[in-house]
$ cat coords.cif   # mmCIF, C-alpha atoms; chains and numbers go by the auth columns
data_input
#
loop_
_atom_site.group_PDB
_atom_site.id
_atom_site.type_symbol
_atom_site.label_atom_id
_atom_site.label_comp_id
_atom_site.label_asym_id
_atom_site.label_seq_id
_atom_site.Cartn_x
_atom_site.Cartn_y
_atom_site.Cartn_z
_atom_site.B_iso_or_equiv
_atom_site.auth_seq_id
_atom_site.auth_asym_id
ATOM 1 C CA MET A 1 27.504 9.334 -17.277 0.00 1 A
ATOM 2 C CA SER A 2 25.977 8.751 -13.863 0.00 2 A
ATOM 3 C CA HIS A 3 24.847 11.629 -11.681 0.00 3 A
ATOM 4 C CA LYS A 4 23.938 9.423 -8.736 0.00 4 A
ATOM 5 C CA THR A 5 25.074 11.959 -6.139 0.00 5 A
ATOM 6 C CA THR A 6 22.810 14.644 -7.582 0.00 6 A
ATOM 7 C CA ILE A 7 19.570 12.681 -7.196 0.00 7 A
ATOM 8 C CA PRO A 8 17.799 12.456 -3.818 0.00 8 A
ATOM 9 C CA ASP A 9 17.837 9.196 -1.896 0.00 9 A
ATOM 10 C CA PHE A 10 14.049 9.147 -1.779 0.00 10 A
ATOM 11 C CA LEU A 11 11.163 10.700 -3.678 0.00 11 A
ATOM 12 C CA ILE A 12 7.718 11.495 -2.303 0.00 12 A
ATOM 13 C CA VAL A 13 5.840 11.237 -5.580 0.00 13 A
ATOM 14 C CA GLY A 14 2.229 11.831 -4.551 0.00 14 A
ATOM 15 C CA ALA A 15 -0.616 11.659 -4.795 0.00 15 A
ATOM 16 C CA GLY A 16 -1.474 15.354 -4.883 0.00 16 A
ATOM 17 C CA LYS A 17 -3.653 16.788 -2.085 0.00 17 A
ATOM 18 C CA SER A 18 -2.992 13.685 -0.011 0.00 18 A
ATOM 19 C CA GLY A 19 -0.513 14.862 2.605 0.00 19 A
ATOM 20 C CA THR A 20 2.745 15.253 0.692 0.00 20 A
ATOM 21 C CA THR A 21 3.294 18.726 2.149 0.00 21 A
ATOM 22 C CA SER A 22 2.877 17.406 5.683 0.00 22 A
ATOM 23 C CA LEU A 23 5.337 14.596 4.973 0.00 23 A
ATOM 24 C CA HIS A 24 7.812 17.125 3.613 0.00 24 A
ATOM 25 C CA HIS A 25 7.667 19.228 6.784 0.00 25 A
ATOM 26 C CA TYR A 26 7.743 16.276 9.181 0.00 26 A
ATOM 27 C CA LEU A 27 10.771 14.764 7.456 0.00 27 A
ATOM 28 C CA ASP A 28 12.500 18.121 7.344 0.00 28 A
ATOM 29 C CA GLU A 29 12.447 18.213 11.143 0.00 29 A
ATOM 30 C CA HIS A 30 14.695 15.148 11.330 0.00 30 A
ATOM 31 C CA PRO A 31 18.381 16.177 11.549 0.00 31 A
ATOM 32 C CA ALA A 32 19.500 13.238 9.411 0.00 32 A
ATOM 33 C CA ILE A 33 17.224 14.231 6.519 0.00 33 A
ATOM 34 C CA PHE A 34 17.535 17.166 4.129 0.00 34 A
ATOM 35 C CA MET A 35 14.531 18.521 2.257 0.00 35 A
ATOM 36 C CA PRO A 36 14.738 21.504 -0.144 0.00 36 A
ATOM 37 C CA GLN A 37 14.126 24.746 1.735 0.00 37 A
ATOM 38 C CA LYS A 38 13.073 27.321 -0.862 0.00 38 A
ATOM 39 C CA PHE A 39 9.906 25.505 -1.883 0.00 39 A
ATOM 40 C CA LYS A 40 8.583 21.996 -1.632 0.00 40 A
ATOM 41 C CA GLU A 41 7.750 20.890 -5.147 0.00 41 A
ATOM 42 C CA LEU A 42 10.800 21.115 -7.393 0.00 42 A
ATOM 43 C CA CYS A 43 8.948 19.601 -10.386 0.00 43 A
ATOM 44 C CA SER A 44 12.405 19.227 -11.829 0.00 44 A
ATOM 45 C CA TRP A 45 13.156 19.293 -15.517 0.00 45 A
ATOM 46 C CA TYR A 46 15.798 16.745 -14.590 0.00 46 A
ATOM 47 C CA LEU A 47 13.190 14.215 -13.547 0.00 47 A
ATOM 48 C CA ILE A 48 10.285 15.194 -15.775 0.00 48 A
ATOM 49 C CA ASP A 49 11.270 16.186 -19.305 0.00 49 A
ATOM 50 C CA ASN A 50 14.090 17.917 -21.114 0.00 50 A
ATOM 51 C CA ASP A 51 11.535 19.660 -23.316 0.00 51 A
ATOM 52 C CA TYR A 52 10.239 21.748 -20.428 0.00 52 A
ATOM 53 C CA GLU A 53 8.909 24.566 -22.641 0.00 53 A
ATOM 54 C CA ASN A 54 6.093 22.268 -23.743 0.00 54 A
ATOM 55 C CA ILE A 55 5.061 21.305 -20.217 0.00 55 A
ATOM 56 C CA PRO A 56 2.324 23.621 -18.873 0.00 56 A
ATOM 57 C CA ILE A 57 3.515 23.449 -15.260 0.00 57 A
ATOM 58 C CA PHE A 58 6.734 25.220 -16.240 0.00 58 A
ATOM 59 C CA ARG A 59 4.867 27.903 -18.149 0.00 59 A
ATOM 60 C CA LYS A 60 2.654 28.538 -15.128 0.00 60 A
ATOM 61 C CA PHE A 61 5.524 28.450 -12.630 0.00 61 A
ATOM 62 C CA PRO A 62 8.632 29.740 -14.473 0.00 62 A
ATOM 63 C CA PHE A 63 10.735 29.864 -11.288 0.00 63 A
ATOM 64 C CA LEU A 64 10.989 26.057 -11.103 0.00 64 A
ATOM 65 C CA PRO A 65 14.432 24.545 -11.839 0.00 65 A
ATOM 66 C CA LYS A 66 14.843 23.758 -15.522 0.00 66 A
ATOM 67 C CA THR A 67 18.411 22.488 -15.654 0.00 67 A
ATOM 68 C CA LEU A 68 20.403 19.904 -13.784 0.00 68 A
ATOM 69 C CA GLU A 69 22.537 22.644 -12.264 0.00 69 A
ATOM 70 C CA GLU A 70 19.481 24.553 -10.982 0.00 70 A
ATOM 71 C CA TYR A 71 18.069 21.367 -9.489 0.00 71 A
ATOM 72 C CA ILE A 72 21.288 20.454 -7.707 0.00 72 A
ATOM 73 C CA GLN A 73 21.504 23.891 -6.101 0.00 73 A
ATOM 74 C CA HIS A 74 18.478 23.081 -3.957 0.00 74 A
ATOM 75 C CA PHE A 75 20.563 20.441 -2.175 0.00 75 A
ATOM 76 C CA ASP A 76 23.740 22.506 -1.749 0.00 76 A
ATOM 77 C CA ASN A 77 23.209 22.901 1.997 0.00 77 A
ATOM 78 C CA ALA A 78 22.833 19.198 2.660 0.00 78 A
ATOM 79 C CA THR A 79 25.686 17.581 4.553 0.00 79 A
ATOM 80 C CA SER A 80 27.374 14.447 3.260 0.00 80 A
ATOM 81 C CA SER A 81 25.755 12.402 6.035 0.00 81 A
ATOM 82 C CA GLN A 82 22.188 13.580 5.412 0.00 82 A
ATOM 83 C CA ILE A 83 19.617 11.647 3.429 0.00 83 A
ATOM 84 C CA LYS A 84 18.192 13.855 0.658 0.00 84 A
ATOM 85 C CA GLY A 85 14.525 13.883 -0.284 0.00 85 A
ATOM 86 C CA ASP A 86 12.305 15.517 -2.891 0.00 86 A
ATOM 87 C CA ALA A 87 8.510 15.782 -2.438 0.00 87 A
ATOM 88 C CA THR A 88 6.860 16.494 -5.790 0.00 88 A
ATOM 89 C CA PRO A 89 3.371 15.117 -6.550 0.00 89 A
ATOM 90 C CA SER A 90 3.846 15.932 -10.247 0.00 90 A
ATOM 91 C CA TYR A 91 6.144 12.917 -10.421 0.00 91 A
ATOM 92 C CA PHE A 92 3.011 10.792 -9.933 0.00 92 A
ATOM 93 C CA VAL A 93 1.592 12.361 -13.099 0.00 93 A
ATOM 94 C CA TYR A 94 4.790 12.353 -15.168 0.00 94 A
ATOM 95 C CA LYS A 95 5.871 8.936 -13.935 0.00 95 A
ATOM 96 C CA GLU A 96 7.018 7.663 -17.338 0.00 96 A
ATOM 97 C CA LYS A 97 9.323 10.666 -17.814 0.00 97 A
ATOM 98 C CA VAL A 98 10.613 10.342 -14.263 0.00 98 A
ATOM 99 C CA LEU A 99 11.565 6.729 -14.908 0.00 99 A
ATOM 100 C CA GLU A 100 13.074 7.520 -18.293 0.00 100 A
ATOM 101 C CA ASN A 101 15.384 10.190 -16.897 0.00 101 A
ATOM 102 C CA LEU A 102 16.332 8.210 -13.810 0.00 102 A
ATOM 103 C CA LYS A 103 17.386 5.346 -16.053 0.00 103 A
ATOM 104 C CA LYS A 104 19.421 7.773 -18.116 0.00 104 A
ATOM 105 C CA TYR A 105 21.254 9.477 -15.269 0.00 105 A
ATOM 106 C CA HIS A 106 21.333 7.018 -12.385 0.00 106 A
ATOM 107 C CA ASP A 107 23.247 3.727 -12.419 0.00 107 A
ATOM 108 C CA ASP A 108 21.089 2.229 -9.647 0.00 108 A
ATOM 109 C CA TYR A 109 17.749 4.000 -10.017 0.00 109 A
ATOM 110 C CA LYS A 110 15.782 1.042 -8.665 0.00 110 A
ATOM 111 C CA ALA A 111 17.348 1.649 -5.254 0.00 111 A
ATOM 112 C CA ILE A 112 15.758 5.092 -4.906 0.00 112 A
ATOM 113 C CA LYS A 113 13.095 4.856 -2.236 0.00 113 A
ATOM 114 C CA ILE A 114 9.614 5.840 -3.388 0.00 114 A
ATOM 115 C CA ILE A 115 6.978 7.121 -0.950 0.00 115 A
ATOM 116 C CA ILE A 116 3.342 7.318 -2.040 0.00 116 A
ATOM 117 C CA ILE A 117 0.513 8.617 0.120 0.00 117 A
ATOM 118 C CA LEU A 118 -3.095 8.145 -0.954 0.00 118 A
ATOM 119 C CA ARG A 119 -6.330 9.825 0.060 0.00 119 A
ATOM 120 C CA GLU A 120 -9.924 8.645 -0.199 0.00 120 A
ATOM 121 C CA PRO A 121 -10.717 9.487 -3.869 0.00 121 A
ATOM 122 C CA ILE A 122 -13.793 11.700 -3.468 0.00 122 A
ATOM 123 C CA SER A 123 -12.283 13.971 -0.819 0.00 123 A
ATOM 124 C CA LYS A 124 -9.016 14.031 -2.765 0.00 124 A
ATOM 125 C CA ILE A 125 -10.729 15.169 -5.963 0.00 125 A
ATOM 126 C CA TRP A 126 -12.765 17.794 -4.109 0.00 126 A
ATOM 127 C CA SER A 127 -9.674 19.144 -2.376 0.00 127 A
ATOM 128 C CA HIS A 128 -7.807 19.301 -5.661 0.00 128 A
ATOM 129 C CA TYR A 129 -10.686 21.133 -7.328 0.00 129 A
ATOM 130 C CA LYS A 130 -10.806 23.696 -4.511 0.00 130 A
ATOM 131 C CA MET A 131 -7.074 24.327 -4.932 0.00 131 A
ATOM 132 C CA VAL A 132 -7.444 24.750 -8.702 0.00 132 A
ATOM 133 C CA ASN A 133 -10.375 27.095 -8.189 0.00 133 A
ATOM 134 C CA GLY A 134 -8.618 29.119 -5.501 0.00 134 A
ATOM 135 C CA MET A 135 -5.431 29.507 -7.531 0.00 135 A
ATOM 136 C CA GLN A 136 -7.382 30.169 -10.741 0.00 136 A
ATOM 137 C CA LEU A 137 -5.504 27.444 -12.590 0.00 137 A
ATOM 138 C CA ASP A 138 -8.385 26.625 -14.935 0.00 138 A
ATOM 139 C CA PRO A 139 -8.559 29.178 -17.790 0.00 139 A
ATOM 140 C CA ARG A 140 -12.202 28.287 -18.434 0.00 140 A
ATOM 141 C CA ASN A 141 -13.110 28.279 -14.745 0.00 141 A
ATOM 142 C CA LEU A 142 -15.312 25.190 -15.075 0.00 142 A
ATOM 143 C CA ASN A 143 -17.115 23.832 -12.051 0.00 143 A
ATOM 144 C CA LEU A 144 -16.238 20.347 -10.855 0.00 144 A
ATOM 145 C CA GLU A 145 -19.110 18.597 -12.639 0.00 145 A
ATOM 146 C CA GLN A 146 -18.240 20.252 -15.942 0.00 146 A
ATOM 147 C CA SER A 147 -14.574 19.411 -15.469 0.00 147 A
ATOM 148 C CA LEU A 148 -15.278 15.737 -14.828 0.00 148 A
ATOM 149 C CA LEU A 149 -17.622 15.456 -17.814 0.00 149 A
ATOM 150 C CA GLN A 150 -15.089 17.084 -20.121 0.00 150 A
ATOM 151 C CA GLU A 151 -11.936 15.528 -18.700 0.00 151 A
ATOM 152 C CA VAL A 152 -11.292 13.087 -21.543 0.00 152 A
ATOM 153 C CA GLU A 153 -11.326 15.882 -24.095 0.00 153 A
ATOM 154 C CA ARG A 154 -9.431 18.281 -21.863 0.00 154 A
ATOM 155 C CA MET A 155 -6.630 15.767 -21.448 0.00 155 A
ATOM 156 C CA LYS A 156 -5.897 16.217 -25.163 0.00 156 A
ATOM 157 C CA ASP A 157 -5.174 19.907 -24.582 0.00 157 A
ATOM 158 C CA ASP A 158 -1.454 20.163 -23.820 0.00 158 A
ATOM 159 C CA SER A 159 -1.838 23.750 -22.659 0.00 159 A
ATOM 160 C CA LEU A 160 -3.803 22.719 -19.559 0.00 160 A
ATOM 161 C CA LEU A 161 -2.162 21.818 -16.281 0.00 161 A
ATOM 162 C CA PRO A 162 -2.475 18.147 -15.282 0.00 162 A
ATOM 163 C CA ASP A 163 -4.105 19.378 -12.052 0.00 163 A
ATOM 164 C CA LEU A 164 -7.319 19.589 -14.102 0.00 164 A
ATOM 165 C CA HIS A 165 -7.287 15.825 -14.781 0.00 165 A
ATOM 166 C CA TYR A 166 -9.081 14.943 -11.589 0.00 166 A
ATOM 167 C CA LEU A 167 -10.138 11.397 -12.431 0.00 167 A
ATOM 168 C CA SER A 168 -6.942 10.399 -14.176 0.00 168 A
ATOM 169 C CA ASN A 169 -4.842 11.710 -11.297 0.00 169 A
ATOM 170 C CA THR A 170 -6.818 9.497 -8.915 0.00 170 A
ATOM 171 C CA ASN A 171 -6.210 6.240 -10.784 0.00 171 A
ATOM 172 C CA TYR A 172 -4.303 4.760 -7.865 0.00 172 A
ATOM 173 C CA LEU A 173 -4.111 1.191 -9.152 0.00 173 A
ATOM 174 C CA ARG A 174 -2.433 2.247 -12.388 0.00 174 A
ATOM 175 C CA ASP A 175 0.011 4.675 -10.813 0.00 175 A
ATOM 176 C CA VAL A 176 0.992 2.677 -7.725 0.00 176 A
ATOM 177 C CA SER A 177 1.483 -0.434 -9.849 0.00 177 A
ATOM 178 C CA PHE A 178 3.815 1.485 -12.137 0.00 178 A
ATOM 179 C CA PHE A 179 6.137 2.433 -9.284 0.00 179 A
ATOM 180 C CA GLN A 180 5.977 -1.005 -7.697 0.00 180 A
ATOM 181 C CA GLU A 181 6.964 -2.610 -10.989 0.00 181 A
ATOM 182 C CA ASN A 182 9.911 -0.276 -11.579 0.00 182 A
ATOM 183 C CA PHE A 183 11.424 0.368 -8.140 0.00 183 A
ATOM 184 C CA ASP A 184 12.628 -1.983 -5.431 0.00 184 A
ATOM 185 C CA GLN A 185 11.387 -0.003 -2.425 0.00 185 A
ATOM 186 C CA VAL A 186 7.903 1.515 -2.627 0.00 186 A
ATOM 187 C CA LEU A 187 6.105 2.534 0.551 0.00 187 A
ATOM 188 C CA VAL A 188 2.367 3.228 0.249 0.00 188 A
ATOM 189 C CA LEU A 189 0.795 5.273 3.034 0.00 189 A
ATOM 190 C CA LYS A 190 -2.726 6.498 3.806 0.00 190 A
ATOM 191 C CA TYR A 191 -3.708 10.115 4.327 0.00 191 A
ATOM 192 C CA ASP A 192 -6.196 9.161 7.049 0.00 192 A
ATOM 193 C CA ASP A 193 -3.464 7.346 8.976 0.00 193 A
ATOM 194 C CA LEU A 194 -1.271 10.437 8.798 0.00 194 A
ATOM 195 C CA ARG A 195 -4.077 12.583 10.217 0.00 195 A
ATOM 196 C CA LYS A 196 -4.895 10.132 13.011 0.00 196 A
ATOM 197 C CA ASN A 197 -1.364 9.312 14.123 0.00 197 A
ATOM 198 C CA ALA A 198 1.411 11.165 12.329 0.00 198 A
ATOM 199 C CA GLN A 199 4.121 9.725 14.569 0.00 199 A
ATOM 200 C CA LYS A 200 3.143 6.157 13.718 0.00 200 A
ATOM 201 C CA VAL A 201 3.319 6.949 9.998 0.00 201 A
ATOM 202 C CA MET A 202 6.718 8.616 10.395 0.00 202 A
ATOM 203 C CA ASP A 203 7.993 5.589 12.331 0.00 203 A
ATOM 204 C CA GLU A 204 6.911 3.436 9.387 0.00 204 A
ATOM 205 C CA ILE A 205 8.907 5.647 7.010 0.00 205 A
ATOM 206 C CA PHE A 206 12.002 5.517 9.209 0.00 206 A
ATOM 207 C CA CYS A 207 11.951 1.717 9.491 0.00 207 A
#

$ encode --input "coords.cif" --output "structure tokens"
Amino acid sequence: MSHKTTIPDFLIVGAGKSGTTSLHHYLDEHPAIFMPQKFKELCSWYLIDNDYENIPIFRKFPFLPKTLEEYIQHFDNATSSQIKGDATPSYFVYKEKVLENLKKYHDDYKAIKIIIILREPISKIWSHYKMVNGMQLDPRNLNLEQSLLQEVERMKDDSLLPDLHYLSNTNYLRDVSFFQENFDQVLVLKYDDLRKNAQKVMDEIFC
């Protein structure tokens, strides 16, 4: 059964700490576009994994939608003429599950527009580490050097949030290629361009 009408027309999938929040707010200002109002990152069970209890992001943030019905509710106020969007950097991390569920529930998933925004890797990793440190997301409270040295082993620990996988989450070639191979419309933007001239970047999205 297709649930085409319940899935946004476009997804801002990441990368994290690269301007996805700014894109969310800029797009939300356009009257023809609807972005979820309660919070930006839906991290939806619908697009990530049915077995949400085993995904650390849902244990850390239990208020996130875990059913199709809960996900749909975030778009209830959209009009029939509005384009619906979802900005969730976790989709960049859980890309295989996103694709798997879109194939399952959407009869034309390739037509969903994908927006990716990338940031210079070193500043991106540092920004992500500062967020993790500020929000106390690392149970061991490792510094950045320790985290990078232990990342391979830490990736085997399913209890840890993927935010702690700094190097893996900055493998742009792997992740961008995945979306380009599986979707018809993939727009790749640069964080620096957004900072220098936000209007030019938004014009590129609207084209």

$ residues_around --input "coords.cif" --residues "region 117-122 of chain A" --least-positions-apart "6" --cutoff "6 Å" --atoms "all atoms listed in the file" --output "MDAnalysis selection string"
chainID A and resid 14:15 18 188:191

$ resolve_selection --input "coords.cif" --expression "the PyMOL selection byres ((chain A and resi 155-169) around 8)" --output "PyMOL selection string"
chain A and resi 15+54-57+93+125+128-129+132+137-138+147-148+151-154+170-172

$ write_last_selection --input "coords.cif" --atoms "C-alpha atoms" --output "PDB file, in the frame of the given file"
ATOM      1  CA  ALA A  15      -0.616  11.659  -4.795  1.00  0.00           C
ATOM      2  CA  ASN A  54       6.093  22.268 -23.743  1.00  0.00           C
ATOM      3  CA  ILE A  55       5.061  21.305 -20.217  1.00  0.00           C
ATOM      4  CA  PRO A  56       2.324  23.621 -18.873  1.00  0.00           C
ATOM      5  CA  ILE A  57       3.515  23.449 -15.260  1.00  0.00           C
ATOM      6  CA  VAL A  93       1.592  12.361 -13.099  1.00  0.00           C
ATOM      7  CA  ILE A 125     -10.729  15.169  -5.963  1.00  0.00           C
ATOM      8  CA  HIS A 128      -7.807  19.301  -5.661  1.00  0.00           C
ATOM      9  CA  TYR A 129     -10.686  21.133  -7.328  1.00  0.00           C
ATOM     10  CA  VAL A 132      -7.444  24.750  -8.702  1.00  0.00           C
ATOM     11  CA  LEU A 137      -5.504  27.444 -12.590  1.00  0.00           C
ATOM     12  CA  ASP A 138      -8.385  26.625 -14.935  1.00  0.00           C
ATOM     13  CA  SER A 147     -14.574  19.411 -15.469  1.00  0.00           C
ATOM     14  CA  LEU A 148     -15.278  15.737 -14.828  1.00  0.00           C
ATOM     15  CA  GLU A 151     -11.936  15.528 -18.700  1.00  0.00           C
ATOM     16  CA  VAL A 152     -11.292  13.087 -21.543  1.00  0.00           C
ATOM     17  CA  GLU A 153     -11.326  15.882 -24.095  1.00  0.00           C
ATOM     18  CA  ARG A 154      -9.431  18.281 -21.863  1.00  0.00           C
ATOM     19  CA  THR A 170      -6.818   9.497  -8.915  1.00  0.00           C
ATOM     20  CA  ASN A 171      -6.210   6.240 -10.784  1.00  0.00           C
ATOM     21  CA  TYR A 172      -4.303   4.760  -7.865  1.00  0.00           C
TER      22      TYR A 172
END

$ resolve_selection --input "coords.cif" --expression "the PyMOL selection byres ((chain A and resi 200-207) around 12)" --output "PyMOL selection string"
chain A and resi 10+12+19+22-30+32-33+83+113-117+185-199

$ atom_distance --input "coords.cif" --atom1 "CA of Val176 (chain A)" --atom2 "CA of Tyr94 (chain A)"
12.8 Å

$ resolve_selection --input "coords.cif" --expression "the PyMOL selection byres ((chain A and resi 82) around 9)" --output "MDAnalysis selection string"
chainID A and resid 31:34 78:81 83:84

$ atom_distance --input "coords.cif" --atom1 "CA of Pro62 (chain A)" --atom2 "CA of Ala87 (chain A)"
18.4 Å

$ atom_distance --input "coords.cif" --atom1 "CA of Thr67 (chain A)" --atom2 "CA of Ser44 (chain A)"
7.8 Å

$ residues_near_point --input "coords.cif" --point "(14.3, 15.2, -7.6)" --cutoff "6 Å" --atoms "only C-alpha atoms" --output "VMD selection string"
chain A and resid 7 to 8 86

$ closest_residue --input "coords.cif" --among "A:Pro65, A:Glu100, A:Leu173, A:Leu142" --to "Lys130 (chain A)" --atoms "all atoms listed in the file"
A:Leu142

$ decode --input "coords.cif" --residues "region 64-73 of chain A" --atoms "all heavy atoms" --output "JSON list (two decimals), in the first residue's frame"
[["chain", "number", "residue", "atom", "x", "y", "z"],
["A", 64, "LEU", "N", 10.22, 11.93, 20.05],
["A", 64, "LEU", "CA", 10.19, 11.88, 18.59],
["A", 64, "LEU", "C", 9.09, 10.93, 18.10],
["A", 64, "LEU", "O", 8.76, 9.96, 18.77],
["A", 64, "LEU", "CB", 11.55, 11.40, 18.06],
["A", 64, "LEU", "CG", 12.73, 12.35, 18.32],
["A", 64, "LEU", "CD1", 14.04, 11.67, 17.94],
["A", 64, "LEU", "CD2", 12.56, 13.64, 17.54],
["A", 65, "PRO", "N", 8.51, 11.21, 16.93],
["A", 65, "PRO", "CA", 7.43, 10.34, 16.42],
["A", 65, "PRO", "C", 7.94, 8.93, 16.14],
["A", 65, "PRO", "O", 8.98, 8.75, 15.53],
["A", 65, "PRO", "CB", 7.00, 11.05, 15.13],
["A", 65, "PRO", "CG", 8.17, 11.89, 14.73],
["A", 65, "PRO", "CD", 8.80, 12.33, 16.02],
["A", 66, "LYS", "N", 7.17, 7.96, 16.60],
["A", 66, "LYS", "CA", 7.58, 6.56, 16.46],
["A", 66, "LYS", "C", 6.61, 5.74, 15.62],
["A", 66, "LYS", "O", 6.85, 4.55, 15.40],
["A", 66, "LYS", "CB", 7.74, 5.92, 17.85],
["A", 66, "LYS", "CG", 8.75, 6.61, 18.74],
["A", 66, "LYS", "CD", 8.83, 5.92, 20.10],
["A", 66, "LYS", "CE", 9.77, 6.67, 21.03],
["A", 66, "LYS", "NZ", 9.26, 8.00, 21.38],
["A", 67, "THR", "N", 5.53, 6.34, 15.19],
["A", 67, "THR", "CA", 4.58, 5.63, 14.34],
["A", 67, "THR", "C", 4.26, 6.51, 13.14],
["A", 67, "THR", "O", 4.48, 7.72, 13.15],
["A", 67, "THR", "CB", 3.27, 5.32, 15.09],
["A", 67, "THR", "OG1", 2.59, 6.56, 15.38],
["A", 67, "THR", "CG2", 3.55, 4.56, 16.38],
["A", 68, "LEU", "N", 3.70, 5.88, 12.13],
["A", 68, "LEU", "CA", 3.30, 6.61, 10.94],
["A", 68, "LEU", "C", 2.30, 7.70, 11.29],
["A", 68, "LEU", "O", 2.39, 8.83, 10.81],
["A", 68, "LEU", "CB", 2.71, 5.66, 9.91],
["A", 68, "LEU", "CG", 2.11, 6.28, 8.65],
["A", 68, "LEU", "CD1", 3.15, 7.11, 7.92],
["A", 68, "LEU", "CD2", 1.56, 5.19, 7.75],
["A", 69, "GLU", "N", 1.36, 7.37, 12.15],
["A", 69, "GLU", "CA", 0.33, 8.33, 12.55],
["A", 69, "GLU", "C", 0.94, 9.54, 13.25],
["A", 69, "GLU", "O", 0.55, 10.69, 12.99],
["A", 69, "GLU", "CB", -0.70, 7.66, 13.46],
["A", 69, "GLU", "CG", -1.59, 6.66, 12.77],
["A", 69, "GLU", "CD", -0.86, 5.36, 12.41],
["A", 69, "GLU", "OE1", 0.19, 5.10, 13.03],
["A", 69, "GLU", "OE2", -1.33, 4.66, 11.50],
["A", 70, "GLU", "N", 1.91, 9.31, 14.14],
["A", 70, "GLU", "CA", 2.56, 10.42, 14.85],
["A", 70, "GLU", "C", 3.34, 11.30, 13.88],
["A", 70, "GLU", "O", 3.38, 12.52, 14.02],
["A", 70, "GLU", "CB", 3.49, 9.87, 15.93],
["A", 70, "GLU", "CG", 2.77, 9.23, 17.11],
["A", 70, "GLU", "CD", 3.73, 8.67, 18.13],
["A", 70, "GLU", "OE1", 4.96, 8.77, 17.92],
["A", 70, "GLU", "OE2", 3.27, 8.12, 19.15],
["A", 71, "TYR", "N", 3.96, 10.67, 12.90],
["A", 71, "TYR", "CA", 4.73, 11.42, 11.91],
["A", 71, "TYR", "C", 3.81, 12.31, 11.07],
["A", 71, "TYR", "O", 4.08, 13.50, 10.87],
["A", 71, "TYR", "CB", 5.48, 10.44, 11.02],
["A", 71, "TYR", "CG", 6.34, 11.09, 9.95],
["A", 71, "TYR", "CD1", 7.51, 11.78, 10.31],
["A", 71, "TYR", "CD2", 6.00, 11.02, 8.60],
["A", 71, "TYR", "CE1", 8.30, 12.37, 9.33],
["A", 71, "TYR", "CE2", 6.79, 11.61, 7.63],
["A", 71, "TYR", "CZ", 7.94, 12.28, 8.00],
["A", 71, "TYR", "OH", 8.72, 12.88, 7.04],
["A", 72, "ILE", "N", 2.73, 11.74, 10.61],
["A", 72, "ILE", "CA", 1.79, 12.47, 9.75],
["A", 72, "ILE", "C", 1.23, 13.70, 10.45],
["A", 72, "ILE", "O", 1.00, 14.74, 9.83],
["A", 72, "ILE", "CB", 0.64, 11.54, 9.31],
["A", 72, "ILE", "CG1", 1.17, 10.43, 8.42],
["A", 72, "ILE", "CG2", -0.45, 12.33, 8.59],
["A", 72, "ILE", "CD1", 0.13, 9.37, 8.09],
["A", 73, "GLN", "N", 1.02, 13.60, 11.75],
["A", 73, "GLN", "CA", 0.43, 14.70, 12.51],
["A", 73, "GLN", "C", 1.25, 15.99, 12.39],
["A", 73, "GLN", "O", 0.69, 17.09, 12.51],
["A", 73, "GLN", "CB", 0.28, 14.31, 13.98],
["A", 73, "GLN", "CG", -0.80, 13.28, 14.24],
["A", 73, "GLN", "CD", -0.83, 12.83, 15.68],
["A", 73, "GLN", "OE1", -0.08, 13.32, 16.53],
["A", 73, "GLN", "NE2", -1.69, 11.86, 15.97]]
